[in-house]
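Visitor: Sharing a structure with you now.
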Amino acid sequence: MSIFKSGANYGKMVDPSTSAEEVNKFCGDKITLELKIANDIVADAKYTGLSCAVSKVSSSLVTEYAKGKSLTHLKGLTEADIFAIIGFDLTENRKQCALVCFNALKKALHKVNNEYDQRN
Amino acid sequence: MLDTNTLKKDFPILEMKVNGKDLVYLDNAATTQKPEKVLAAVDTYYRICNANVHRGSHTLSDNATSLYERSRESVAKFIGAKPTEIIFTRNATEGINLVAYSYGLATLHTGDEILIGGWEHHSNLVPWQEVCHKTGARLVYTYPDNQGLFDFADFCSKLGARTKIVAVGHASNVLGTIYPVAEIAAEAKKVGALVVVDGAQSLPHLPVNIKQLSCDALAFSGHKMLGPMGIGVLWLDESLQESLSPFLTGGGMVLEVDENKASWEKPPHKFEAGTPNVSGAVGLAAAIDYIKTIGIEEIRKHEIELSSYALQAFADLARGFQNLRILGPMDATKRTGLISFHMQGVHAHDVSAILDQRGIAVRSGYHCAMPLHTHLGIGPTVRASWYLYNSQADITALVSGISDAKKILLA
């Protein structure tokens with residue numbers, strides 16, 4: 001509840017390195033994730049958009065977790081890792097809410113990869 | 001009001017406890033619970049009647065065919081139609097797709113228009129979008145007025161020589177509003193447009209007679225009217241049936257097949273490819289029998305009384321909570337048995353999760369009507385929907401749960 005109320009990492013970023021939008025499959029809510037990347041490390045992560053408590057808390061926790069981690073490490077994360085990071089039980093339908101930010105993160109990392117491939 | 005204490009006993013699932021609390025089931029616009037008679041009809045079908053229909057020459061197949069066709073007759077009678085006009089589908093969505101593909105795709109051209117309600121469920125919206133993408137036709141929306149009622153002037157201003165199809169929901173699954181289908185159809189006929197009606201939210205709650213609606217097609221789902229899932233109905237006007245090509249093809253719908261071509265069975269079989277959902281049809285007929293025993297007019301009266309009670313309770317709640325917005329008209333006679341609401345600053349999922357902890361089942365989200373929510377300028381909403389087995393006590397539990405959710409989430 002305190003993470004939900006504080007809304008950690010909620011907000012827009014000045015000059016992000018990359019961003020990705022993701023729709024919650026459960027309901028159609030949309031969030032935007034922004035990442036600042038330096039030397040293949042996530043220096044900052046923020047999100048905006050309409051979301052329920054589960055989606056908001058998981059987005060706050062996932063963005064917090066991503067900070068300081070290497071892109072390689074983040075690419076290796078699985079859904080099970082995300083549920084472990086979140087640390088509370090969810091019903092089958094609400095698991096989608098918990099994975100919105102993670103899915104946006106995967107999209108953002110994919111974009112970074114593609115951009116890197118195009119440059120080289 | 002109906003004697004809900006007695007009625008509830010007919011529905012085994014309503015005796016359940018959810019999260020340690022008595023189940024208060026208020027998600028009837030999504031699907032309704034099934035009475036013992038429907039469960040028994042499906043069970044009996046598989047125990048002593050099961051066989052494939054129409055083609056078998058043995059006794060069981062003959063019995064199954066009779067049951068299937070009797071179910072068709074029962075559905076026809078319920079809406080004042082001929083049995084040959086009743087096409088069994090999986091659900092309302094499939095019925096609308098049938099018309100969209102068999103009629104829309106075959107007749108529409110660039111520049112033609114399909115006029116649809118702004119309150120449509122995605123089932124009566126996405127198939128038309130697809131037809132537009134494939135034919136170059138254009139989708140035109142008529143939105144309800146600020147009370148959620150039909151905007152006749154807006155509708156008429158958008159109806160014209162280019163309008164080839166008018167597709168409307170008889171009742172909104174978000175606003176609850178009942179729309180004047182007969183008047184809509186009368187205007188649409190003046191420009192020669194085909195009128196397709198999504199009756200998924202009206203058939204379970206209102207007396208519906210096809211002759212009074214004057215539409216060309218009406219689709220609805222069995223599971224929203226006490227029947228099993230996976231059975232739906234498309235009523236298609238007899239004159240239209242002959243001219244339409246089948247939507248799905250294969251076994252069961254053909255007369256003769258050679259290596260290169262096939263000829264079709266007579267309607268409605270022409271539109272029912274493959275082995276049909278016989279147990280579903282039998283279950284739907286049992287559901288209609290149950291509804292008839294109670295009386296659809298009595299159900300309507302019961303829902304109006306419950307809706308009046310709920311609208312008053314919500315209005316009282318809104319007085320102490322400015323952020324609560326109730327959608328749709330405040331007159332219970334203009335709506336079916338549901339209320340959707342939006343709480344500024346509180347997400348609909350969080351409200352429904354708190355209600356679920358109290359055993360109260362409601363729906364939250366966009367209810368498959370995203371364009372309507374966008375038009376209203378709101379995010380996801382919570383929807384509570386009642387039916388013949390719900391009581392004033394259920395509404396009281398709901399309102400008290402919402403009050404608790406407000407305290408928890410906005411503290």
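Convention: chains lettered A, B, ... in structure tokens order; per-chain residue numbering from 1; ligands numbered from 1 as shown.
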Identify, on the basis of only C-alpha atoms, every residue whose closest approach to segment 110-116 of chain A does not exceed 10 Å; exclude the query and any residue fewer than 6 positions from it along the same chain; express the result as a ChimeraX atom specification.

Guide: /A:17-20,37,40,71,75,104

Visitor: Write a file of the selected residues as a PDB file, in the first residue's frame, keeping all heavy atoms.

Guide:
ATOM      1  N   SER A  17      16.773   7.657 -23.137  1.00  0.00           N
ATOM      2  CA  SER A  17      17.521   6.963 -24.198  1.00  0.00           C
ATOM      3  C   SER A  17      16.570   6.152 -25.066  1.00  0.00           C
ATOM      4  O   SER A  17      16.762   6.026 -26.269  1.00  0.00           O
ATOM      5  CB  SER A  17      18.543   5.995 -23.587  1.00  0.00           C
ATOM      6  OG  SER A  17      19.262   6.605 -22.575  1.00  0.00           O
ATOM      7  N   THR A  18      15.561   5.586 -24.419  1.00  0.00           N
ATOM      8  CA  THR A  18      14.564   4.814 -25.163  1.00  0.00           C
ATOM      9  C   THR A  18      13.266   4.762 -24.358  1.00  0.00           C
ATOM     10  O   THR A  18      13.256   5.060 -23.150  1.00  0.00           O
ATOM     11  CB  THR A  18      15.080   3.389 -25.467  1.00  0.00           C
ATOM     12  OG1 THR A  18      14.193   2.768 -26.404  1.00  0.00           O
ATOM     13  CG2 THR A  18      15.154   2.522 -24.220  1.00  0.00           C
ATOM     14  N   SER A  19      12.200   4.395 -25.043  1.00  0.00           N
ATOM     15  CA  SER A  19      10.917   4.261 -24.339  1.00  0.00           C
ATOM     16  C   SER A  19      10.092   3.176 -25.028  1.00  0.00           C
ATOM     17  O   SER A  19      10.379   2.812 -26.178  1.00  0.00           O
ATOM     18  CB  SER A  19      10.156   5.582 -24.352  1.00  0.00           C
ATOM     19  OG  SER A  19       9.754   5.870 -25.665  1.00  0.00           O
ATOM     20  N   ALA A  20       9.106   2.661 -24.310  1.00  0.00           N
ATOM     21  CA  ALA A  20       8.215   1.655 -24.907  1.00  0.00           C
ATOM     22  C   ALA A  20       6.844   1.759 -24.259  1.00  0.00           C
ATOM     23  O   ALA A  20       6.723   2.088 -23.068  1.00  0.00           O
ATOM     24  CB  ALA A  20       8.784   0.257 -24.709  1.00  0.00           C
ATOM     25  N   ILE A  37      19.944   5.127 -20.463  1.00  0.00           N
ATOM     26  CA  ILE A  37      20.974   4.084 -20.494  1.00  0.00           C
ATOM     27  C   ILE A  37      22.347   4.724 -20.707  1.00  0.00           C
ATOM     28  O   ILE A  37      22.507   5.598 -21.563  1.00  0.00           O
ATOM     29  CB  ILE A  37      20.683   3.070 -21.629  1.00  0.00           C
ATOM     30  CG1 ILE A  37      19.306   2.425 -21.407  1.00  0.00           C
ATOM     31  CG2 ILE A  37      21.763   1.990 -21.714  1.00  0.00           C
ATOM     32  CD1 ILE A  37      18.739   1.692 -22.597  1.00  0.00           C
ATOM     33  N   ASP A  40      25.654   0.684 -21.359  1.00  0.00           N
ATOM     34  CA  ASP A  40      24.899  -0.574 -21.242  1.00  0.00           C
ATOM     35  C   ASP A  40      24.355  -0.849 -19.842  1.00  0.00           C
ATOM     36  O   ASP A  40      24.066  -1.996 -19.479  1.00  0.00           O
ATOM     37  CB  ASP A  40      25.757  -1.773 -21.712  1.00  0.00           C
ATOM     38  CG  ASP A  40      25.921  -1.780 -23.231  1.00  0.00           C
ATOM     39  OD1 ASP A  40      25.131  -1.061 -23.898  1.00  0.00           O
ATOM     40  OD2 ASP A  40      26.807  -2.473 -23.734  1.00  0.00           O
ATOM     41  N   LEU A  71      22.110  -4.203 -19.271  1.00  0.00           N
ATOM     42  CA  LEU A  71      21.085  -4.592 -20.262  1.00  0.00           C
ATOM     43  C   LEU A  71      21.068  -6.110 -20.422  1.00  0.00           C
ATOM     44  O   LEU A  71      20.011  -6.722 -20.547  1.00  0.00           O
ATOM     45  CB  LEU A  71      21.359  -3.922 -21.612  1.00  0.00           C
ATOM     46  CG  LEU A  71      21.382  -2.388 -21.611  1.00  0.00           C
ATOM     47  CD1 LEU A  71      21.476  -1.864 -23.044  1.00  0.00           C
ATOM     48  CD2 LEU A  71      20.149  -1.801 -20.930  1.00  0.00           C
ATOM     49  N   LYS A  75      17.819  -8.436 -19.858  1.00  0.00           N
ATOM     50  CA  LYS A  75      17.292  -9.245 -20.962  1.00  0.00           C
ATOM     51  C   LYS A  75      17.042 -10.687 -20.521  1.00  0.00           C
ATOM     52  O   LYS A  75      16.212 -11.394 -21.080  1.00  0.00           O
ATOM     53  CB  LYS A  75      18.269  -9.236 -22.149  1.00  0.00           C
ATOM     54  CG  LYS A  75      18.046  -8.066 -23.083  1.00  0.00           C
ATOM     55  CD  LYS A  75      19.082  -8.086 -24.198  1.00  0.00           C
ATOM     56  CE  LYS A  75      19.434  -6.676 -24.610  1.00  0.00           C
ATOM     57  NZ  LYS A  75      20.738  -6.564 -25.233  1.00  0.00           N
ATOM     58  N   ALA A 104       6.863  -4.003 -21.111  1.00  0.00           N
ATOM     59  CA  ALA A 104       7.356  -2.743 -21.689  1.00  0.00           C
ATOM     60  C   ALA A 104       8.885  -2.734 -21.659  1.00  0.00           C
ATOM     61  O   ALA A 104       9.532  -2.293 -22.614  1.00  0.00           O
ATOM     62  CB  ALA A 104       6.802  -1.563 -20.911  1.00  0.00           C
TER      63      ALA A 104
END

Visitor: Can you build me a table of chain B residues sitting at most 10 Å from chain A, with the closest atom pair per residue and its distance in Å to one decimal, using only C-alpha atoms, sorted by chain and residue number, as a Markdown table?

Guide:
| residue | atom | partner | partner_atom | distance |
| --- | --- | --- | --- | --- |
| B:Val346 | CA | A:Cys52 | CA | 8.0 |
| B:His347 | CA | A:Cys52 | CA | 5.1 |
| B:Ala348 | CA | A:Cys52 | CA | 7.3 |
| B:His349 | CA | A:Cys52 | CA | 6.0 |
| B:Asp350 | CA | A:Cys52 | CA | 6.1 |
| B:Val351 | CA | A:Cys52 | CA | 9.4 |
| B:Ala353 | CA | A:Arg94 | CA | 9.6 |
| B:Ser364 | CA | A:Cys27 | CA | 8.1 |
| B:Gly365 | CA | A:Cys27 | CA | 5.3 |
| B:Tyr366 | CA | A:Cys27 | CA | 6.6 |
| B:His367 | CA | A:Cys27 | CA | 8.3 |
| B:Cys368 | CA | A:Cys27 | CA | 8.8 |
| B:Met370 | CA | A:Gly28 | CA | 8.3 |
| B:Gly379 | CA | A:Leu50 | CA | 7.7 |
| B:Pro380 | CA | A:Asp29 | CA | 7.9 |
| B:Ile408 | CA | A:Met1 | CA | 9.6 |
| B:Leu409 | CA | A:Lys5 | CA | 8.9 |
| B:Leu410 | CA | A:Lys5 | CA | 9.4 |
| B:Ala411 | CA | A:Lys5 | CA | 9.7 |

Visitor: Restrict the selected residues to C-alpha atoms and save them as a short mmCIF file (atom, residue, chain, number, x, y, z; two decimals), in the first residue's frame.

Guide:
data_model
loop_
_atom_site.label_atom_id
_atom_site.label_comp_id
_atom_site.auth_asym_id
_atom_site.auth_seq_id
_atom_site.Cartn_x
_atom_site.Cartn_y
_atom_site.Cartn_z
CA VAL B 346 -9.28 5.19 -7.91
CA HIS B 347 -8.67 2.41 -10.40
CA ALA B 348 -11.66 0.20 -11.23
CA HIS B 349 -9.63 -3.02 -10.73
CA ASP B 350 -8.75 -1.99 -7.20
CA VAL B 351 -12.41 -1.38 -6.35
CA ALA B 353 -10.54 -6.49 -5.92
CA SER B 364 -14.05 -3.82 -13.96
CA GLY B 365 -12.32 -2.49 -17.06
CA TYR B 366 -13.60 -1.22 -20.37
CA HIS B 367 -16.23 -3.97 -20.75
CA CYS B 368 -15.32 -4.49 -24.41
CA MET B 370 -13.28 1.09 -25.41
CA GLY B 379 -10.61 5.26 -17.89
CA PRO B 380 -11.86 1.85 -16.80
CA ILE B 408 -9.16 2.18 1.78
CA LEU B 409 -8.01 3.58 -1.55
CA LEU B 410 -8.43 7.27 -0.90
CA ALA B 411 -7.38 7.34 2.78
#

Visitor: Residues of segment 375-408 of chain B in alpha helix (DSSP H) according to DSSP, as a list in words?

Guide: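 Going through segment 375-408 of chain B, the alpha helix (DSSP H) residues come out as His375, Leu376, Gln392, Ala393, Asp394, Ile395, Thr396, Ala397, Leu398, Val399, Ser400, Gly401, Ile402, Ser403, Asp404, Ala405, Lys406, Lys407 and Ile408 of chain B.
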
Visitor: List every residue of chain A that DSSP, applied to the backbone of this structure, places in strand (DSSP E or B), and write the result as an MDAnalysis selection string.

Guide: chainID A and resid 10 18:23 30:38 41:49 70

Visitor: If I take atom CA of His302 of chain B and atom CA of Met1 of chain B, how far is one from the other in Å, to one decimal?

Guide: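 Those two atoms sit 5.1 Å apart.
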